[in-house]
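Structure first, commentary second.
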Amino acid sequence: MCRLLRHLAWVGAVFALLNVSACGELSRTSAPEPSQPVAQQRPNFLIVVVDDLGFTDLGAFGGGEIETAAIDRLALEGVRLKSFYTAPTCSPTRAALLSGNDPHIAGLGNMAELLNDNQRNQPGYEGYLNQRVVSVASLLRDAGYFTAMTGKWHLGLEEDQSPAAQGFTRSFALLHGGAGHFDDTGLLERAPRALYREDRKLAEWPKGRYSSDLYTERLIDYLQENNGKQPFFAYLAFSAVHWPLQAPDELIRKYRGRYDAGWDVLREQRLEGLRQAGLLTGQVDFTPPPGYRPWSSLNREQQRIEARKMEVYAAMLDSINQNMARLVDYLERSGALDNTVIVFLSDNGAEGTPLEKSPLLEGWLERFDNSLENMGRVNSYIFYGPNWAHATTAPGKYYKSHVTEGGMRVPAFIWQADRASQGAIAAAPVTVMDVAPTLLAMANVEYPQEYLGNPVAPLRGLSLQPLLEQPSARIHADDAIFGVELFGRRALRRGQWKITMEPPPFGTGNWELYNLSSDRGETRNVAADHPDIVARLAADWQDYADEVGVILPEGLSGY
């Protein structure tokens, strides 16, 4: 009866999916159901990563104007993780996700594309998963799991750095950090075409297919190949909602006019949504990002252009929601859902960098038609900038690439059938490094001291499994240290206290101190009032840096 009721709950989302023509023809995900029973001895695992998702974009995390019902249903049936931390950008987070270790140990101490000269060829800065760690996919595969991934990889371009080399039996992977969503357009002029691999071989992008549709379809194809013979570990890494913002025309039209009131109104709506969702109490002060403009300061034409960017973004997330409905419906029909654990997260905060001003894209944007009527189509190349990001990361400060709360505190949840009360929230801080240990613990797989003859670093994460039984459980000690560094930007949280160091204009260039229990927006730097706490946490950060092998960049770094 439980399975039947859950299946009926998904029917509305699936019917909505079938009625949407925006994504083109129906994919093979409507194919016949498996004819063999799914292996039930050990749980299946599905990890879903959305690229650059804002903290409040989902209805279950304070949103409401974007259609995310299928994702929200899982979040509200599972345990929402109120303080889930990642790295500030994508590839370091993905390294930590799959290894259960700090990215400086796993090989992504910096993004491969942005290494400084003093970091090149140094341990922990290889730009791919190194031999000091072993991926959770490899360990689960060796323990009898069928392993499959589709979507953004961003952990190495070469065959020996591919998903196939890191434990995935089947894979269709975007190797770079992003691409066009309808074709293989690259992110930068120096890499004008994105690269893909299917298993170990380079592959071509199927012309005209939309990224979220194709990645979901391929993953379901792979699961159908397994046909229930083995428990599975599936990793779906959407490249949406990463720039360039592109979506099917029909979905963009669905959101026409929805953001005409602007980003100031949206931010207040999202904050109120967080309160109603039980994820925020009281008022929150905020620090607008450098370059922030009140909506009222824009003329009408500027407002139309900026609103259209957010309409395209919303359409991209709507497509992800449709594909999540499709995937969960397949799992339900195949008999696998009741034995599947789902972990959902963003890889970092929303992307707010004003990339049109970045030297990384100099000479590239001129190739595209970014007129108002063409925004979101295959030959456009747009991003939504710091003002919309300021709204979608609320109440966090700043956005992706920064070590403030807006850059690395992300929406995340864990779901398992019949294991958590409706609307459960886990408030204590946890990290992306905790995901791999969770899967290993639930599969009863031991983490080795060495792998393929190489010693491997011990896990730094801990299992989140207790949260499924008791969301108020403490996974990490009250005084646990959460350290981070990227592009020379530094932070450490211990209990209610957090120190950050970022250069101007985003910081002072010195250690700043914030009390997160009373200042979630990181607006009141109290370093001068508590020099002893700053000194202690700065020493803790140095211990962390020494332990994981941080090499601070010499000169300018990041973007």
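Here's how to read the names in the structure tokens: chain A, B, ... by the order shown, residue numbers from 1 in each chain, ligand numbers from 1 in the order shown.
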Within 7 Å of range 511-532 of chain A, which residues of range 327-422 of chain A come that close, and what is the closest atom pair and distance in Å for each? Count only C-alpha atoms and give it as CSV.
residue,atom,partner,partner_atom,distance
A:Pro395,CA,A:Gly521,CA,5.6
A:Gly396,CA,A:Gly521,CA,5.2
A:Lys397,CA,A:Gly521,CA,5.5
10 Å contact set for Pro231 in chain A, only C-alpha atoms, chain neighbours under 3 positions out, as a count of residues only: 24
Selection near Met324 in chain A, 8 Å with only C-alpha atoms, sequence-local residues under 3 positions removed, as a list in words: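 The filter keeps Ala70, Ile71, Thr216, Ile320, Asn321, Leu327 and Val328 of chain A.
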Given only C-alpha atoms as the counted atoms, nearest of A:Ala137, A:Ile47, A:Phe286, A:Arg367 to Asn379 in chain A: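 Using only C-alpha atoms, Asn379 in chain A sits closest to A:Arg367.
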Residue contacts of Tyr451 in chain A (12 Å, only C-alpha atoms) excluding same-chain residues fewer than 6 positions away, as a list in words: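 My list of contacting residues is Asn130, Gln131, Arg132, Val133, Val134, Ser135, Val136, Ser138, Leu139, Asp142, Gln166, Ala457 and Pro458 of chain A.
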What would the file look like if the residues just selected were written as a short mmCIF file (atom, residue, chain, number, x, y, z; two decimals), in the first residue's frame with all heavy atoms?
data_model
loop_
_atom_site.label_atom_id
_atom_site.label_comp_id
_atom_site.auth_asym_id
_atom_site.auth_seq_id
_atom_site.Cartn_x
_atom_site.Cartn_y
_atom_site.Cartn_z
N ASN A 130 43.42 12.18 -7.34
CA ASN A 130 44.75 11.57 -7.33
C ASN A 130 44.73 10.22 -6.61
O ASN A 130 43.67 9.74 -6.18
CB ASN A 130 45.77 12.54 -6.70
CG ASN A 130 45.41 12.92 -5.27
OD1 ASN A 130 44.77 12.16 -4.54
ND2 ASN A 130 45.82 14.11 -4.84
N GLN A 131 45.91 9.63 -6.47
CA GLN A 131 45.99 8.28 -5.89
C GLN A 131 46.02 8.29 -4.37
O GLN A 131 46.08 7.23 -3.75
CB GLN A 131 47.23 7.57 -6.43
CG GLN A 131 47.13 7.26 -7.92
CD GLN A 131 48.31 6.48 -8.43
OE1 GLN A 131 49.43 6.59 -7.90
NE2 GLN A 131 48.10 5.68 -9.44
N ARG A 132 45.93 9.47 -3.77
CA ARG A 132 45.85 9.53 -2.31
C ARG A 132 44.44 9.28 -1.80
O ARG A 132 44.22 9.18 -0.59
CB ARG A 132 46.34 10.89 -1.81
CG ARG A 132 47.83 11.08 -1.96
CD ARG A 132 48.31 12.21 -1.09
NE ARG A 132 47.90 13.50 -1.59
CZ ARG A 132 48.04 14.65 -0.93
NH1 ARG A 132 48.53 14.64 0.29
NH2 ARG A 132 47.66 15.78 -1.47
N VAL A 133 43.46 9.23 -2.74
CA VAL A 133 42.08 8.93 -2.36
C VAL A 133 41.55 7.84 -3.28
O VAL A 133 42.13 7.54 -4.32
CB VAL A 133 41.19 10.19 -2.48
CG1 VAL A 133 41.66 11.27 -1.52
CG2 VAL A 133 41.15 10.73 -3.90
N VAL A 134 40.44 7.27 -2.89
CA VAL A 134 39.74 6.29 -3.72
C VAL A 134 38.29 6.71 -3.78
O VAL A 134 37.70 7.08 -2.76
CB VAL A 134 39.89 4.86 -3.17
CG1 VAL A 134 39.47 4.76 -1.71
CG2 VAL A 134 39.11 3.87 -4.01
N SER A 135 37.72 6.70 -4.97
CA SER A 135 36.34 7.17 -5.12
C SER A 135 35.36 6.18 -4.52
O SER A 135 35.59 4.97 -4.51
CB SER A 135 36.01 7.42 -6.59
OG SER A 135 35.65 6.23 -7.23
N VAL A 136 34.25 6.71 -4.04
CA VAL A 136 33.20 5.86 -3.50
C VAL A 136 32.65 4.94 -4.58
O VAL A 136 32.22 3.81 -4.30
CB VAL A 136 32.10 6.71 -2.85
CG1 VAL A 136 31.37 7.57 -3.89
CG2 VAL A 136 31.11 5.85 -2.08
N SER A 138 34.40 3.45 -6.94
CA SER A 138 35.29 2.29 -7.03
C SER A 138 35.02 1.29 -5.91
O SER A 138 34.97 0.07 -6.14
CB SER A 138 36.75 2.76 -6.97
OG SER A 138 37.10 3.50 -8.11
N LEU A 139 34.85 1.79 -4.70
CA LEU A 139 34.63 0.90 -3.56
C LEU A 139 33.29 0.19 -3.67
O LEU A 139 33.18 -1.01 -3.36
CB LEU A 139 34.73 1.68 -2.26
CG LEU A 139 36.10 2.29 -1.95
CD1 LEU A 139 36.05 3.11 -0.67
CD2 LEU A 139 37.16 1.20 -1.86
N ASP A 142 33.53 -2.45 -6.46
CA ASP A 142 34.28 -3.62 -6.00
C ASP A 142 33.45 -4.45 -5.03
O ASP A 142 33.69 -5.66 -4.87
CB ASP A 142 35.58 -3.18 -5.31
CG ASP A 142 36.54 -2.50 -6.28
OD1 ASP A 142 36.30 -2.54 -7.51
OD2 ASP A 142 37.52 -1.90 -5.80
N GLN A 166 37.50 5.85 -12.50
CA GLN A 166 37.22 6.12 -11.09
C GLN A 166 36.04 5.31 -10.59
O GLN A 166 35.34 5.71 -9.67
CB GLN A 166 36.96 7.61 -10.87
CG GLN A 166 38.20 8.48 -11.06
CD GLN A 166 39.25 8.26 -9.99
OE1 GLN A 166 38.98 7.69 -8.94
NE2 GLN A 166 40.47 8.69 -10.27
N ALA A 457 44.52 8.33 1.99
CA ALA A 457 44.27 9.14 3.17
C ALA A 457 42.98 8.71 3.84
O ALA A 457 42.02 8.34 3.16
CB ALA A 457 44.20 10.61 2.79
N PRO A 458 42.91 8.75 5.15
CA PRO A 458 41.66 8.39 5.83
C PRO A 458 40.55 9.37 5.49
O PRO A 458 40.80 10.53 5.15
CB PRO A 458 42.02 8.44 7.31
CG PRO A 458 43.22 9.33 7.38
CD PRO A 458 43.97 9.14 6.10
#
Contacts of Glu67 in chain A within 9 Å, only C-alpha atoms, excl. fewer than 2 positions in-chain, as a list in words: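 Skipping anything fewer than 2 positions along the chain leaves Leu58, Gly59, Gly64, Glu65, Ala69, Ala70, Ala314, Ala315, Leu317, Asp318, Ser319, Asn321 and Gln322 of chain A.
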Those residues you just picked out, can you put them in a file as a compact mmCIF listing (two decimals), in the first residue's frame with all heavy atoms?
# COMPACT_ATOMS: atom_id res chain seq x y z
N LEU A 58 14.55 26.23 -4.51
CA LEU A 58 13.55 25.18 -4.39
C LEU A 58 12.42 25.62 -3.46
O LEU A 58 12.64 26.34 -2.48
CB LEU A 58 14.18 23.90 -3.84
CG LEU A 58 15.34 23.31 -4.63
CD1 LEU A 58 15.93 22.12 -3.87
CD2 LEU A 58 14.90 22.89 -6.03
N GLY A 59 11.21 25.16 -3.75
CA GLY A 59 10.09 25.47 -2.88
C GLY A 59 10.31 25.01 -1.46
O GLY A 59 9.93 25.69 -0.50
N GLY A 64 9.22 29.37 -4.51
CA GLY A 64 7.79 29.17 -4.70
C GLY A 64 7.34 29.54 -6.10
O GLY A 64 6.35 28.98 -6.60
N GLU A 65 8.06 30.45 -6.75
CA GLU A 65 7.61 30.88 -8.07
C GLU A 65 8.14 29.99 -9.19
O GLU A 65 7.69 30.08 -10.32
CB GLU A 65 8.02 32.34 -8.30
CG GLU A 65 9.42 32.58 -8.80
CD GLU A 65 10.51 32.39 -7.75
OE1 GLU A 65 10.16 32.23 -6.56
OE2 GLU A 65 11.69 32.39 -8.13
N ALA A 69 8.04 20.97 -7.80
CA ALA A 69 7.22 20.10 -6.95
C ALA A 69 7.82 18.71 -6.76
O ALA A 69 7.75 18.14 -5.67
CB ALA A 69 5.81 20.00 -7.52
N ALA A 70 8.37 18.13 -7.82
CA ALA A 70 8.91 16.78 -7.71
C ALA A 70 10.10 16.73 -6.76
O ALA A 70 10.24 15.80 -5.95
CB ALA A 70 9.31 16.26 -9.09
N ALA A 314 14.91 30.25 -14.37
CA ALA A 314 13.78 29.51 -13.80
C ALA A 314 13.37 28.36 -14.71
O ALA A 314 13.04 27.26 -14.24
CB ALA A 314 12.60 30.45 -13.57
N ALA A 315 13.40 28.59 -16.02
CA ALA A 315 13.05 27.54 -16.97
C ALA A 315 14.03 26.38 -16.89
O ALA A 315 13.64 25.21 -17.01
CB ALA A 315 13.02 28.11 -18.39
N LEU A 317 15.67 25.38 -14.21
CA LEU A 317 15.38 24.60 -13.00
C LEU A 317 14.07 23.83 -13.16
O LEU A 317 13.94 22.70 -12.67
CB LEU A 317 15.32 25.53 -11.79
CG LEU A 317 15.07 24.86 -10.44
CD1 LEU A 317 16.05 23.71 -10.19
CD2 LEU A 317 15.15 25.89 -9.31
N ASP A 318 13.10 24.40 -13.84
CA ASP A 318 11.86 23.70 -14.14
C ASP A 318 12.15 22.41 -14.90
O ASP A 318 11.59 21.35 -14.61
CB ASP A 318 10.94 24.62 -14.95
CG ASP A 318 9.52 24.11 -15.06
OD1 ASP A 318 9.32 22.91 -15.35
OD2 ASP A 318 8.58 24.91 -14.89
N SER A 319 13.04 22.48 -15.89
CA SER A 319 13.41 21.29 -16.64
C SER A 319 14.06 20.23 -15.75
O SER A 319 13.77 19.03 -15.89
CB SER A 319 14.37 21.67 -17.78
OG SER A 319 14.82 20.51 -18.47
N ASN A 321 13.46 19.80 -12.62
CA ASN A 321 12.35 19.23 -11.84
C ASN A 321 11.58 18.19 -12.65
O ASN A 321 11.24 17.12 -12.14
CB ASN A 321 11.42 20.35 -11.40
CG ASN A 321 10.25 19.84 -10.58
OD1 ASN A 321 10.42 19.42 -9.44
ND2 ASN A 321 9.06 19.86 -11.16
N GLN A 322 11.30 18.49 -13.91
CA GLN A 322 10.61 17.52 -14.76
C GLN A 322 11.41 16.23 -14.88
O GLN A 322 10.85 15.12 -14.84
CB GLN A 322 10.36 18.12 -16.14
CG GLN A 322 9.38 19.26 -16.16
CD GLN A 322 9.27 19.89 -17.53
OE1 GLN A 322 9.70 19.32 -18.52
NE2 GLN A 322 8.70 21.08 -17.60
Point-to-point distance from CA of Gly376 in chain A to CA of Gln269 in chain A, Å rounded to tenths: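 CA of Gln269 in chain A lies at a distance of 24.8 Å from CA of Gly376 in chain A.
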Helix (DSSP H, G or I) residues, from DSSP on the backbone, in range 34-189 of chain A, as a PyMOL selection string: chain A and resi 59-61+69-77+90-99+103-106+112-114+117-119+136-142+159-161+163-166
Contacts of Trp364 in chain A within 9 Å, only C-alpha atoms, excl. fewer than 4 positions in-chain, as a ChimeraX atom specification: /A:187-189,192,360,368
Given only C-alpha atoms as the counted atoms, nearest of A:Gly186, A:Pro505, A:Gly555, A:Gly208 to Pro288 in chain A: A:Pro505
Residue nearest Asp51 in chain A among A:Thr150, A:Gln161, A:Asn348, A:Thr392 (counting only C-alpha atoms):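 Selected residue with least distance to Asp51 in chain A: A:Asn348.
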Selection: 9 Å around Gly124 in chain A, only C-alpha atoms, excl. self and same-chain fewer than 5 positions, as a PyMOL selection string: chain A and resi 103-110+119+129-130+132+548-551
Keeping only all heavy atoms, take the residues you just selected and write them out as a compact mmCIF listing (two decimals), in the first residue's frame.
# COMPACT_ATOMS: atom_id res chain seq x y z
N PRO A 103 39.37 18.58 -0.69
CA PRO A 103 39.86 18.69 -2.07
C PRO A 103 41.36 18.92 -2.16
O PRO A 103 41.98 18.54 -3.17
CB PRO A 103 39.06 19.86 -2.64
CG PRO A 103 38.44 20.55 -1.47
CD PRO A 103 38.29 19.53 -0.41
N HIS A 104 41.98 19.53 -1.14
CA HIS A 104 43.43 19.72 -1.18
C HIS A 104 44.17 18.40 -1.07
O HIS A 104 45.32 18.29 -1.53
CB HIS A 104 43.87 20.65 -0.04
CG HIS A 104 43.36 22.04 -0.16
ND1 HIS A 104 42.11 22.41 0.31
CD2 HIS A 104 43.90 23.16 -0.69
CE1 HIS A 104 41.93 23.70 0.08
NE2 HIS A 104 42.98 24.18 -0.53
N ILE A 105 43.56 17.42 -0.47
CA ILE A 105 44.15 16.08 -0.41
C ILE A 105 43.80 15.29 -1.67
O ILE A 105 44.63 14.55 -2.21
CB ILE A 105 43.65 15.34 0.85
CG1 ILE A 105 44.23 15.99 2.11
CG2 ILE A 105 44.00 13.85 0.80
CD1 ILE A 105 43.69 15.43 3.41
N ALA A 106 42.59 15.48 -2.18
CA ALA A 106 42.08 14.66 -3.28
C ALA A 106 42.61 15.08 -4.65
O ALA A 106 42.43 14.33 -5.62
CB ALA A 106 40.55 14.69 -3.29
N GLY A 107 43.23 16.25 -4.77
CA GLY A 107 43.79 16.66 -6.05
C GLY A 107 43.21 17.93 -6.63
O GLY A 107 43.64 18.39 -7.67
N LEU A 108 42.20 18.51 -5.97
CA LEU A 108 41.55 19.72 -6.45
C LEU A 108 41.68 20.85 -5.45
O LEU A 108 40.72 21.55 -5.13
CB LEU A 108 40.08 19.44 -6.77
CG LEU A 108 39.76 18.85 -8.15
CD1 LEU A 108 40.14 19.81 -9.27
CD2 LEU A 108 40.36 17.49 -8.36
N GLY A 109 42.91 21.07 -4.97
CA GLY A 109 43.15 22.20 -4.09
C GLY A 109 42.84 23.52 -4.76
O GLY A 109 42.57 24.51 -4.11
N ASN A 110 42.88 23.51 -6.08
CA ASN A 110 42.41 24.63 -6.89
C ASN A 110 41.80 24.04 -8.15
O ASN A 110 42.07 22.88 -8.50
CB ASN A 110 43.56 25.59 -7.24
CG ASN A 110 43.07 26.93 -7.77
OD1 ASN A 110 41.88 27.13 -8.00
ND2 ASN A 110 44.00 27.86 -7.95
N GLN A 119 51.42 26.60 -7.72
CA GLN A 119 50.64 25.42 -7.34
C GLN A 119 50.78 24.27 -8.35
O GLN A 119 50.47 23.13 -8.01
CB GLN A 119 49.16 25.79 -7.22
CG GLN A 119 48.85 26.80 -6.13
CD GLN A 119 47.44 27.30 -6.18
OE1 GLN A 119 46.82 27.37 -7.25
NE2 GLN A 119 46.89 27.69 -5.03
N LEU A 129 41.21 13.52 -9.55
CA LEU A 129 41.30 12.70 -8.35
C LEU A 129 42.61 11.93 -8.35
O LEU A 129 42.88 11.14 -9.26
CB LEU A 129 40.11 11.72 -8.29
CG LEU A 129 38.74 12.33 -8.02
CD1 LEU A 129 37.67 11.25 -8.06
CD2 LEU A 129 38.71 13.04 -6.67
N ASN A 130 43.42 12.18 -7.34
CA ASN A 130 44.75 11.57 -7.33
C ASN A 130 44.73 10.22 -6.61
O ASN A 130 43.67 9.74 -6.18
CB ASN A 130 45.77 12.54 -6.70
CG ASN A 130 45.41 12.92 -5.27
OD1 ASN A 130 44.77 12.16 -4.54
ND2 ASN A 130 45.82 14.11 -4.84
N ARG A 132 45.93 9.47 -3.77
CA ARG A 132 45.85 9.53 -2.31
C ARG A 132 44.44 9.28 -1.80
O ARG A 132 44.22 9.18 -0.59
CB ARG A 132 46.34 10.89 -1.81
CG ARG A 132 47.83 11.08 -1.96
CD ARG A 132 48.31 12.21 -1.09
NE ARG A 132 47.90 13.50 -1.59
CZ ARG A 132 48.04 14.65 -0.93
NH1 ARG A 132 48.53 14.64 0.29
NH2 ARG A 132 47.66 15.78 -1.47
N VAL A 548 46.05 19.49 5.50
CA VAL A 548 45.58 19.09 4.17
C VAL A 548 46.51 19.53 3.06
O VAL A 548 46.33 19.11 1.90
CB VAL A 548 44.15 19.63 3.91
CG1 VAL A 548 43.18 19.12 4.96
CG2 VAL A 548 44.12 21.14 3.81
N GLY A 549 47.50 20.37 3.35
CA GLY A 549 48.47 20.75 2.34
C GLY A 549 48.08 21.94 1.49
O GLY A 549 48.33 21.96 0.28
N VAL A 550 47.49 22.97 2.11
CA VAL A 550 47.12 24.17 1.37
C VAL A 550 48.38 24.87 0.86
O VAL A 550 49.34 25.07 1.61
CB VAL A 550 46.31 25.13 2.26
CG1 VAL A 550 46.13 26.48 1.57
CG2 VAL A 550 44.95 24.52 2.60
N ILE A 551 48.39 25.23 -0.41
CA ILE A 551 49.43 26.07 -0.99
C ILE A 551 48.76 27.36 -1.44
O ILE A 551 48.04 27.38 -2.44
CB ILE A 551 50.12 25.39 -2.19
CG1 ILE A 551 50.75 24.06 -1.76
CG2 ILE A 551 51.17 26.31 -2.81
CD1 ILE A 551 51.32 23.25 -2.92
